[in-house]
file work_10.cif (mmCIF, C-alpha atoms)
data_query
#
loop_
_atom_site.label_atom_id
_atom_site.label_comp_id
_atom_site.auth_asym_id
_atom_site.auth_seq_id
_atom_site.Cartn_x
_atom_site.Cartn_y
_atom_site.Cartn_z
CA MET A 63 105.39 281.09 188.60
CA SER A 64 101.73 282.10 188.73
CA ARG A 65 100.97 285.66 189.69
CA ALA A 66 98.93 286.54 192.79
CA ARG A 67 95.22 286.88 192.21
CA ASN A 68 94.04 290.45 191.95
CA ILE A 69 90.98 290.63 194.19
CA TRP A 70 89.05 293.87 194.46
CA VAL A 71 86.25 294.74 196.88
CA VAL A 72 83.78 297.44 195.87
CA VAL A 73 82.32 299.34 198.81
CA PRO A 74 79.55 301.79 197.84
CA ALA A 75 79.17 304.39 200.58
CA TYR A 76 76.87 307.29 201.33
CA ASN A 77 77.51 309.28 204.51
CA GLU A 78 79.34 306.44 206.25
CA ALA A 79 82.22 308.40 207.79
CA ASP A 80 81.45 306.99 211.25
CA VAL A 81 81.89 303.34 210.26
CA ILE A 82 83.84 303.18 206.99
CA ALA A 83 87.26 303.04 208.71
CA GLY A 84 86.40 299.77 210.46
CA VAL A 85 84.97 298.22 207.31
CA ILE A 86 88.04 299.06 205.25
CA SER A 87 90.49 298.00 207.94
CA ARG A 88 88.86 294.56 208.15
CA LEU A 89 89.04 294.18 204.38
CA ARG A 90 92.67 295.30 204.29
CA ALA A 91 93.51 292.61 206.86
CA HIS A 92 92.65 290.05 204.16
CA GLY A 93 94.97 291.74 201.67
CA TYR A 94 92.22 292.79 199.27
CA ARG A 95 92.37 295.85 197.08
CA ILE A 96 89.50 298.14 197.97
CA VAL A 97 87.64 300.77 196.01
CA CYS A 98 85.22 302.90 197.99
CA VAL A 99 82.68 304.73 195.85
CA ASP A 100 81.56 307.80 197.74
CA ASP A 101 78.08 308.39 196.37
CA GLY A 102 77.87 312.13 196.92
CA SER A 103 78.28 312.07 200.70
CA SER A 104 78.05 315.30 202.64
CA ASP A 105 80.38 314.00 205.37
CA ASP A 106 84.04 312.87 205.33
CA THR A 107 83.43 309.38 203.98
CA ALA A 108 85.86 309.83 201.07
CA VAL A 109 88.62 311.32 203.23
CA VAL A 110 88.39 308.56 205.84
CA ALA A 111 88.19 305.79 203.23
CA GLU A 112 91.30 307.10 201.47
CA ARG A 113 93.18 307.48 204.71
CA TYR A 114 92.46 303.87 205.69
CA GLY A 115 93.71 302.38 202.46
CA ALA A 116 90.94 302.40 199.87
CA ASP A 117 91.10 303.85 196.42
CA VAL A 118 88.31 306.40 196.32
CA LEU A 119 85.95 307.42 193.57
CA VAL A 120 83.59 310.30 194.23
CA HIS A 121 80.24 310.77 192.54
CA PRO A 122 79.62 314.51 192.23
CA PHE A 123 76.13 313.96 193.63
CA ASN A 124 74.07 311.12 195.06
CA LEU A 125 73.10 308.60 192.38
CA GLY A 126 72.13 305.55 194.40
CA GLN A 127 73.76 302.31 195.46
CA GLY A 128 73.29 300.56 192.11
CA ALA A 129 75.10 303.35 190.29
CA ALA A 130 77.90 303.34 192.87
CA LEU A 131 78.36 299.59 192.51
CA GLN A 132 78.65 299.83 188.73
CA THR A 133 81.20 302.65 189.04
CA GLY A 134 83.26 300.50 191.43
CA ILE A 135 83.00 297.41 189.21
CA ASP A 136 84.13 299.44 186.19
CA TYR A 137 87.13 300.72 188.17
CA ALA A 138 88.09 297.27 189.44
CA LEU A 139 88.01 295.92 185.88
CA LEU A 140 90.17 298.81 184.67
CA GLU A 141 92.63 297.92 187.44
CA GLY A 142 92.85 294.36 186.15
CA ALA A 143 90.72 292.60 188.77
CA ASP A 144 90.53 288.81 188.55
CA TYR A 145 87.71 288.77 191.07
CA VAL A 146 85.33 291.54 192.12
CA CYS A 147 83.50 291.43 195.44
CA THR A 148 80.89 293.82 196.80
CA LEU A 149 80.07 294.61 200.39
CA ASP A 150 77.94 297.23 202.15
CA ALA A 151 79.67 300.12 203.90
CA ASP A 152 77.48 300.17 207.00
CA GLY A 153 79.33 297.32 208.70
CA GLN A 154 76.52 294.74 208.56
CA HIS A 155 78.61 292.31 206.49
CA ASP A 156 81.52 290.26 207.77
CA ALA A 157 84.72 290.56 205.72
CA ASP A 158 85.66 287.06 206.91
CA ASP A 159 82.90 285.69 204.65
CA LEU A 160 84.60 286.91 201.47
CA PRO A 161 87.29 284.18 201.31
CA ARG A 162 84.52 281.55 201.35
CA LEU A 163 82.63 283.35 198.57
CA ILE A 164 85.77 283.43 196.43
CA ALA A 165 86.55 279.81 197.26
CA ALA A 166 83.05 278.87 196.11
CA LEU A 167 83.80 280.43 192.73
CA ASP A 168 87.00 278.40 192.41
CA GLU A 169 85.73 275.11 193.75
CA GLN A 170 82.33 275.06 192.08
CA GLY A 171 83.35 276.72 188.83
CA ALA A 172 80.72 279.41 189.31
CA ASP A 173 80.72 282.93 187.90
CA PHE A 174 78.84 284.46 190.80
CA ALA A 175 78.75 283.70 194.52
CA VAL A 176 76.04 285.45 196.50
CA GLY A 177 75.79 285.52 200.27
CA SER A 178 72.74 284.15 202.05
CA ARG A 179 71.92 285.23 205.57
CA PHE A 180 69.14 282.63 205.63
CA LEU A 181 71.64 279.80 205.07
CA GLY A 182 74.02 281.49 207.49
CA ASP A 183 73.12 283.85 210.29
CA ALA A 184 71.13 287.06 210.57
CA VAL A 185 72.05 288.56 213.92
CA GLY A 186 69.43 290.91 215.34
CA MET A 187 67.21 290.92 212.24
CA PRO A 188 63.80 292.43 213.02
CA ALA A 189 60.71 290.37 212.10
CA GLY A 190 59.48 293.05 209.69
CA ARG A 191 62.75 292.91 207.76
CA ARG A 192 62.49 289.12 207.54
CA VAL A 193 58.99 289.39 206.04
CA MET A 194 60.09 292.07 203.55
CA LEU A 195 63.14 290.06 202.43
CA GLY A 196 61.01 286.93 202.13
CA ALA A 197 58.60 288.73 199.79
CA ALA A 198 61.50 290.16 197.77
CA THR A 199 63.06 286.71 197.46
CA MET A 200 59.77 285.23 196.28
CA PHE A 201 59.36 288.01 193.70
CA THR A 202 62.90 287.56 192.39
CA ARG A 203 62.52 283.78 192.22
CA LEU A 204 59.39 284.23 190.12
CA THR A 205 60.95 286.78 187.77
CA THR A 206 64.38 285.18 187.38
CA GLY A 207 63.74 281.51 188.01
CA LEU A 208 66.83 281.39 190.22
CA ALA A 209 66.27 279.23 193.30
CA LEU A 210 68.04 281.47 195.80
CA THR A 211 67.22 281.93 199.47
CA ASP A 212 68.41 285.53 199.85
CA THR A 213 68.15 287.73 196.79
CA HIS A 214 68.85 291.12 198.32
CA ASN A 215 72.16 290.61 200.06
CA GLY A 216 74.93 293.07 199.23
CA ILE A 217 77.84 290.70 199.85
CA ARG A 218 78.83 288.96 196.62
CA ALA A 219 81.85 287.76 194.68
CA MET A 220 82.15 287.41 190.92
CA THR A 221 84.76 286.42 188.41
CA ARG A 222 86.16 288.95 185.98
CA ARG A 223 84.12 287.30 183.22
CA ALA A 224 80.92 287.84 185.21
CA ALA A 225 81.81 291.41 186.17
CA GLU A 226 82.31 292.24 182.50
CA ARG A 227 78.82 291.01 181.69
CA ILE A 228 77.04 292.93 184.43
CA GLN A 229 75.83 296.37 183.42
CA LEU A 230 73.62 297.89 186.11
CA ARG A 231 71.15 300.50 184.94
CA GLN A 232 69.08 300.58 188.11
CA GLU A 233 70.67 303.40 190.05
CA ARG A 234 68.84 302.76 193.31
CA MET A 235 68.00 299.61 195.26
CA ALA A 236 66.42 297.66 192.39
CA HIS A 237 69.96 296.75 191.31
CA ALA A 238 69.88 293.65 193.52
CA SER A 239 67.07 292.17 191.40
CA GLU A 240 68.64 293.52 188.22
CA ILE A 241 71.94 291.71 188.90
CA LEU A 242 70.10 288.42 189.27
CA MET A 243 68.08 289.06 186.10
CA GLN A 244 71.32 289.72 184.21
CA ILE A 245 72.92 286.61 185.69
CA ARG A 246 69.95 284.63 184.44
CA SER A 247 69.88 286.16 180.97
CA SER A 248 73.67 285.83 180.55
CA GLY A 249 73.62 282.20 181.56
CA LEU A 250 76.15 282.84 184.33
CA ALA A 251 76.45 280.13 186.99
CA VAL A 252 75.54 281.28 190.49
CA VAL A 253 76.10 279.66 193.88
CA GLU A 254 74.92 280.65 197.33
CA VAL A 255 77.22 280.78 200.32
CA PRO A 256 76.13 281.08 203.96
CA VAL A 257 77.14 284.44 205.43
CA THR A 258 76.53 286.42 208.58
CA VAL A 259 74.66 289.71 208.51
CA SER A 260 74.66 291.68 211.74
CA TYR A 261 71.96 294.27 212.26
CA THR A 262 72.78 297.21 214.44
CA ALA A 263 70.81 300.34 215.27
CA TYR A 264 73.09 302.12 212.81
CA SER A 265 72.55 299.70 209.90
CA LEU A 266 68.82 299.48 210.55
CA GLY A 267 68.60 303.26 210.49
CA LYS A 268 70.10 303.26 207.00
CA GLY A 269 68.23 300.22 205.75
CA GLN A 270 65.20 299.74 203.57
CA THR A 271 61.60 300.32 204.56
CA PHE A 272 58.37 298.82 203.25
CA SER A 273 57.86 301.82 200.97
CA SER A 274 61.30 301.09 199.47
CA ALA A 275 59.95 297.72 198.29
CA PHE A 276 57.26 299.46 196.24
CA ARG A 277 59.84 301.83 194.81
CA VAL A 278 61.97 298.86 193.76
CA LEU A 279 58.96 297.37 191.95
CA ALA A 280 58.26 300.69 190.20
CA ASP A 281 61.93 301.01 189.18
CA LEU A 282 61.97 297.51 187.75
CA ALA A 283 58.72 298.11 185.82
CA ALA A 284 60.09 301.37 184.41
CA GLY A 285 63.30 299.57 183.46
CA VAL A 286 61.30 297.00 181.46
CA LEU A 287 59.34 299.75 179.66
CA ARG A 288 62.52 301.69 178.87
CA SER A 289 64.12 298.68 177.26
CA MET B 29 32.86 322.15 163.25
CA ILE B 30 35.39 324.55 164.88
CA ALA B 31 35.85 322.15 167.77
CA GLN B 32 36.45 319.31 165.34
CA PHE B 33 39.25 321.25 163.63
CA VAL B 34 40.81 322.29 166.95
CA LEU B 35 40.69 318.73 168.30
CA SER B 36 42.01 317.35 165.04
CA ALA B 37 44.95 319.75 165.13
CA LEU B 38 45.75 318.70 168.69
CA LEU B 39 45.43 315.02 167.90
CA LEU B 40 47.61 315.38 164.81
CA GLY B 41 50.17 317.10 167.01
CA MET B 42 49.96 314.12 169.36
CA LEU B 43 50.43 311.76 166.44
CA GLY B 44 53.53 313.71 165.39
CA TYR B 45 54.84 313.52 168.95
CA ALA B 46 54.33 309.73 168.93
CA LEU B 47 56.26 309.43 165.67
CA ILE B 48 59.14 311.54 166.98
CA ALA B 49 59.26 309.70 170.30
CA ALA B 50 59.03 306.25 168.66
CA ARG B 51 62.81 305.94 168.41
CA ARG B 52 63.19 306.23 172.18
CA THR B 53 60.18 304.43 173.61
CA ARG B 54 58.59 302.31 170.93
CA PHE B 55 55.93 300.62 173.09
CA VAL B 56 54.47 303.74 174.73
CA SER B 57 54.73 305.74 171.51
CA THR B 58 52.77 303.08 169.64
CA LEU B 59 50.01 303.30 172.26
CA ILE B 60 49.95 307.08 171.98
CA GLY B 61 49.80 306.88 168.17
CA LEU B 62 46.94 304.39 168.23
CA ALA B 63 45.02 306.46 170.78
CA ALA B 64 45.51 309.61 168.67
CA LEU B 65 44.25 307.83 165.54
CA ALA B 66 41.21 306.56 167.46
CA GLY B 67 40.60 310.11 168.70
CA LEU B 68 40.74 311.50 165.15
CA TYR B 69 38.29 308.89 163.95
CA PHE B 70 35.79 309.66 166.70
CA VAL B 71 36.09 313.42 166.24
CA TRP B 72 34.98 313.07 162.61
CA GLN B 73 32.65 310.12 163.11
CA PRO B 74 30.79 311.02 166.30
CA ASN B 75 28.02 308.55 165.54
CA SER B 76 30.58 305.76 165.59
CA ALA B 77 31.67 307.05 168.96
CA ASN B 78 28.07 306.84 170.17
CA GLU B 79 27.69 303.33 168.82
CA LEU B 80 30.95 302.16 170.32
CA ALA B 81 30.19 303.93 173.60
CA ASN B 82 26.81 302.20 173.81
CA TRP B 83 28.43 298.90 172.94
CA VAL B 84 30.97 299.17 175.80
CA GLY B 85 28.33 300.58 178.15
CA ILE B 86 29.50 304.18 178.51
CA GLY B 87 26.36 305.90 177.24
CA ARG B 88 27.53 308.95 175.27
CA GLY B 89 30.15 309.17 172.57
CA ALA B 90 31.42 312.44 174.04
CA ASP B 91 32.25 310.65 177.26
CA LEU B 92 34.14 307.99 175.35
CA VAL B 93 36.22 310.65 173.57
CA LEU B 94 36.92 312.29 176.92
CA TYR B 95 38.10 308.99 178.34
CA VAL B 96 40.32 308.42 175.31
CA TRP B 97 41.79 311.89 175.92
CA VAL B 98 42.47 311.12 179.57
CA VAL B 99 44.20 307.86 178.64
CA LEU B 100 46.21 309.71 176.02
CA SER B 101 47.35 312.28 178.59
CA MET B 102 48.40 309.53 180.97
CA LEU B 103 50.43 307.82 178.25
CA VAL B 104 52.17 311.08 177.37
CA GLY B 105 52.93 311.50 181.09
CA LEU B 106 54.37 307.98 181.22
CA ASN B 107 56.45 308.66 178.14
CA LEU B 108 57.85 311.85 179.66
CA HIS B 109 58.66 309.93 182.84
CA LEU B 110 60.56 307.32 180.85
CA ARG B 111 62.45 310.01 178.96
CA LEU B 112 63.39 311.65 182.24
CA ARG B 113 64.74 308.33 183.42
CA THR B 114 66.75 307.99 180.24
CA GLN B 115 68.25 311.41 180.88
CA ALA B 116 68.99 310.37 184.47
CA ASP B 117 70.77 307.33 183.02
CA GLN B 118 72.91 309.60 180.84
CA THR B 119 73.68 311.82 183.84
CA THR B 120 74.78 308.74 185.77
CA ARG B 121 77.16 307.71 182.97
CA LEU B 122 78.61 311.21 182.91
CA ALA B 123 79.06 311.30 186.69
CA ARG B 124 80.67 307.83 186.55
CA ALA B 125 83.12 308.90 183.87
CA LEU B 126 84.04 311.92 185.98
CA ALA B 127 84.53 309.78 189.09
CA LEU B 128 86.74 307.34 187.18
CA LEU B 129 88.81 310.17 185.71
CA GLU B 130 89.42 311.65 189.15
CA ALA B 131 90.11 308.40 191.01
CA ARG B 132 92.11 308.92 194.18
CA LYS B 133 94.65 306.20 194.93
CA ALA B 134 94.84 304.95 198.49
CA SER B 135 97.24 306.73 200.79
CA GLY B 136 96.85 304.04 203.45
CA ASP B 137 98.46 306.13 206.22
CA GLU B 138 96.40 304.60 209.02
CA THR B 139 96.60 301.07 207.68
CA SER B 140 100.33 301.08 207.05
CA ALA B 141 100.81 302.22 210.63
CA ASP B 142 98.71 299.27 211.80
CA ARG B 143 100.55 296.62 209.82
#
call {"tool": "encode", "arguments": {"input": "work_10.cif", "output": "C-alpha cells"}}
result
Amino acid sequence: MSRARNIWVVVPAYNEADVIAGVISRLRAHGYRIVCVDDGSSDDTAVVAERYGADVLVHPFNLGQGAALQTGIDYALLEGADYVCTLDADGQHDADDLPRLIAALDEQGADFAVGSRFLGDAVGMPAGRRVMLGAATMFTRLTTGLALTDTHNGIRAMTRRAAERIQLRQERMAHASEILMQIRSSGLAVVEVPVTVSYTAYSLGKGQTFSSAFRVLADLAAGVLRS
Amino acid sequence: MIAQFVLSALLLGMLGYALIAARRTRFVSTLIGLAALAGLYFVWQPNSANELANWVGIGRGADLVLYVWVVLSMLVGLNLHLRLRTQADQTTRLARALALLEARKASGDETSADR
C-alpha cells in the first residue's frame, strides 16, 4: 500500500495577524501540512498561525521574504516533504489553485510549477502593477531564458528533488528572480499553471512599489558580484 | 618627495588590503590591486601620468592620479558593501538555524474545532 503524499505549504509572513487565520484555514481544508515562517513580526502573527494549525518558525528579526521562504523550505524537507508549495500570507492567492499546481508536477513530470496570473486571472490589479510585473517578467526572461508569463508570483509547487536544489541567498524580494535563475542553472523542468490573484486594499498596501524594482535589480547585481 | 612617500605608503596599504580581501571578493579585489599598482607607478613616474593624461584628454597628470584615487575609494566602498552583505548572509543562516531549533508544532485548536 502506498503511503499518503506528504505535502507542505510554506507561508512566509510579516505582520499578517489580521489575515493569516483565513489563509491557514483554507490551506488546512485541503489537508496540507503548513509551516508559517514569522519573519520577525511585531504583531501576533505567530500566535494566530499556531492556533489555526500551522507549524510556526520565528525569525528573531525581520530578514525578508526570500530568507523566510528558505527557512520554511528547509523545515519542510526536514519533515520529509514529498512536495513543497509556497503561498503569500496576505490572502491574495487562492489555496484552491494548489491542487492544480501539484497535479501539473505529476502529469507533466516537472520539478517546478509556478502560478501565472496572466494565464489565469488578476482580480483588481492596478495598471501600474501590471506595467511593473511586465517589466520584471521581461527582465527575468532575458536573464534566465525561461519563457514564462509571470515571473514574480509567490504561489508555486515543487518536488522534493527541486526543493533540495534551491538555495535562496536573496533575503528580500529578489528571490523570485533568483529561484528562476537556479531552476535554469540546475536544469529543473518548470511548467506554468493559470492561477487567480486577488488584489485587495490590504494586499496592495503590503505590495511592491516601483522603487522596490530598482532594489531588486541592485540586490541581483550585488549577488552576482558576491559570487 | 615627502608626498610621494606618504602616497606610496597609502597605496601599498591599499595593495595589502586587496591581497587580504582577495579570498572573499576576487573580482573587486583584483580591480583594487590593479588601481593601487597604477597609482604607485604614477606617483613615482609623474611624467608618465602627464603623458597618459594628455593622451586620454585629461590635461594634467595630477588630475589623473586624483581620478584614480576616487575610483579606488569607490571600489573599496563597493568591497565593504559586499562584505557587509556576506555578513548579513551569515546572520540569516544563524537566525534560520535558531528558528528551526525552536520550531513550534501546530496546536490546531481553532481548526480541530472547525473540522
call {"tool": "interface_residues", "arguments": {"input": "work_10.cif", "of": "chain A", "to": "chain B", "cutoff": "7 Å", "atoms": "only C-alpha atoms", "output": "list of chain:residue names"}}
result
A:Ser87, A:Glu112, A:Arg113, A:Tyr114, A:Gly115, A:Ala116, A:Asp117, A:Val118, A:Leu119, A:Val120, A:His121, A:Pro122, A:Leu125, A:Thr133, A:Tyr137, A:Ala284, A:Arg288
call {"tool": "resolve_selection", "arguments": {"input": "work_10.cif", "expression": "the PyMOL selection byres ((chain A and resi 142) around 12)", "output": "number ranges by chain"}}
result
A: 66-70, 95, 135-141, 143-146, 221-223, 225-226
call {"tool": "write_last_selection", "arguments": {"input": "work_10.cif", "atoms": "C-alpha atoms", "output": "PDB file, keeping the file's coordinate frame"}}
result
ATOM      1  CA  ALA A  66      98.930 286.540 192.790  1.00  0.00           C
ATOM      2  CA  ARG A  67      95.220 286.880 192.210  1.00  0.00           C
ATOM      3  CA  ASN A  68      94.040 290.450 191.950  1.00  0.00           C
ATOM      4  CA  ILE A  69      90.980 290.630 194.190  1.00  0.00           C
ATOM      5  CA  TRP A  70      89.050 293.870 194.460  1.00  0.00           C
ATOM      6  CA  ARG A  95      92.370 295.850 197.080  1.00  0.00           C
ATOM      7  CA  ILE A 135      83.000 297.410 189.210  1.00  0.00           C
ATOM      8  CA  ASP A 136      84.130 299.440 186.190  1.00  0.00           C
ATOM      9  CA  TYR A 137      87.130 300.720 188.170  1.00  0.00           C
ATOM     10  CA  ALA A 138      88.090 297.270 189.440  1.00  0.00           C
ATOM     11  CA  LEU A 139      88.010 295.920 185.880  1.00  0.00           C
ATOM     12  CA  LEU A 140      90.170 298.810 184.670  1.00  0.00           C
ATOM     13  CA  GLU A 141      92.630 297.920 187.440  1.00  0.00           C
ATOM     14  CA  ALA A 143      90.720 292.600 188.770  1.00  0.00           C
ATOM     15  CA  ASP A 144      90.530 288.810 188.550  1.00  0.00           C
ATOM     16  CA  TYR A 145      87.710 288.770 191.070  1.00  0.00           C
ATOM     17  CA  VAL A 146      85.330 291.540 192.120  1.00  0.00           C
ATOM     18  CA  THR A 221      84.760 286.420 188.410  1.00  0.00           C
ATOM     19  CA  ARG A 222      86.160 288.950 185.980  1.00  0.00           C
ATOM     20  CA  ARG A 223      84.120 287.300 183.220  1.00  0.00           C
ATOM     21  CA  ALA A 225      81.810 291.410 186.170  1.00  0.00           C
ATOM     22  CA  GLU A 226      82.310 292.240 182.500  1.00  0.00           C
TER      23      GLU A 226
END
call {"tool": "residues_near_point", "arguments": {"input": "work_10.cif", "point": "(85.1, 304.4, 207.0)", "cutoff": "10 Å", "atoms": "only C-alpha atoms", "output": "JSON, numbers by chain"}}
result
{"A": [75, 77, 78, 79, 80, 81, 82, 83, 84, 85, 86, 87, 98, 106, 107, 108, 109, 110, 111, 112, 113, 114, 115, 116, 151, 152, 153]}
call {"tool": "atom_distance", "arguments": {"input": "work_10.cif", "atom1": "atom CA of Ala31 of chain B", "atom2": "atom CA of Val96 of chain B"}}
result
16.3 Å
call {"tool": "atom_distance", "arguments": {"input": "work_10.cif", "atom1": "atom CA of Val259 of chain A", "atom2": "atom CA of Pro188 of chain A"}}
result
12.1 Å
call {"tool": "residues_around", "arguments": {"input": "work_10.cif", "residues": "Leu38 of chain B", "least_positions_apart": "6", "cutoff": "12 Å", "atoms": "all atoms listed in the file", "output": "NGL selection string"}}
result
:B and (31-32 or 44-45 or 64-65 or 67-68 or 71 or 97 or 100-101)
call {"tool": "resolve_selection", "arguments": {"input": "work_10.cif", "expression": "the PyMOL selection byres ((chain A and resi 173-179) around 8)", "output": "PyMOL selection string"}}
result
chain A and resi 163-164+166-167+171-172+180-184+211-213+215-221+223-224+250-259
call {"tool": "axis_aligned_box", "arguments": {"input": "work_10.cif", "around": "segment 223-230 of chain A", "padding_each_side": "5 Å", "output": "AutoDock Vina command-line options"}}
result
--center_x 78.9 --center_y 292.6 --center_z 183.9 --size_x 20.5 --size_y 20.6 --size_z 14.5
call {"tool": "atom_distance", "arguments": {"input": "work_10.cif", "atom1": "atom CA of Val104 of chain B", "atom2": "atom CA of Leu92 of chain B"}}
result
18.4 Å
call {"tool": "closest_residue", "arguments": {"input": "work_10.cif", "among": "A:Glu169, A:Ala129, A:His214, A:Ala91", "to": "Ala197 of chain A", "atoms": "all atoms listed in the file"}}
result
A:His214
call {"tool": "resolve_selection", "arguments": {"input": "work_10.cif", "expression": "the PyMOL selection byres ((chain A and resi 187) around 9)", "output": "PyMOL selection string"}}
result
chain A and resi 184-186+188-192+259-262+266
call {"tool": "residues_around", "arguments": {"input": "work_10.cif", "residues": "Val93 of chain B", "least_positions_apart": "2", "cutoff": "12 Å", "atoms": "all atoms listed in the file", "output": "JSON, numbers by chain"}}
result
{"B": [32, 35, 39, 63, 64, 65, 66, 67, 68, 69, 70, 71, 72, 73, 74, 75, 76, 77, 78, 80, 81, 86, 87, 88, 89, 90, 91, 95, 96, 97, 98, 99, 100]}
call {"tool": "residues_around", "arguments": {"input": "work_10.cif", "residues": "Ala46 of chain B", "least_positions_apart": "5", "cutoff": "6 Å", "atoms": "all atoms listed in the file", "output": "PDB file with C-alpha atoms, in the coordinates of the input"}}
result
ATOM      1  CA  SER B  57      54.730 305.740 171.510  1.00  0.00           C
ATOM      2  CA  ILE B  60      49.950 307.080 171.980  1.00  0.00           C
ATOM      3  CA  GLY B  61      49.800 306.880 168.170  1.00  0.00           C
TER       4      GLY B  61
END
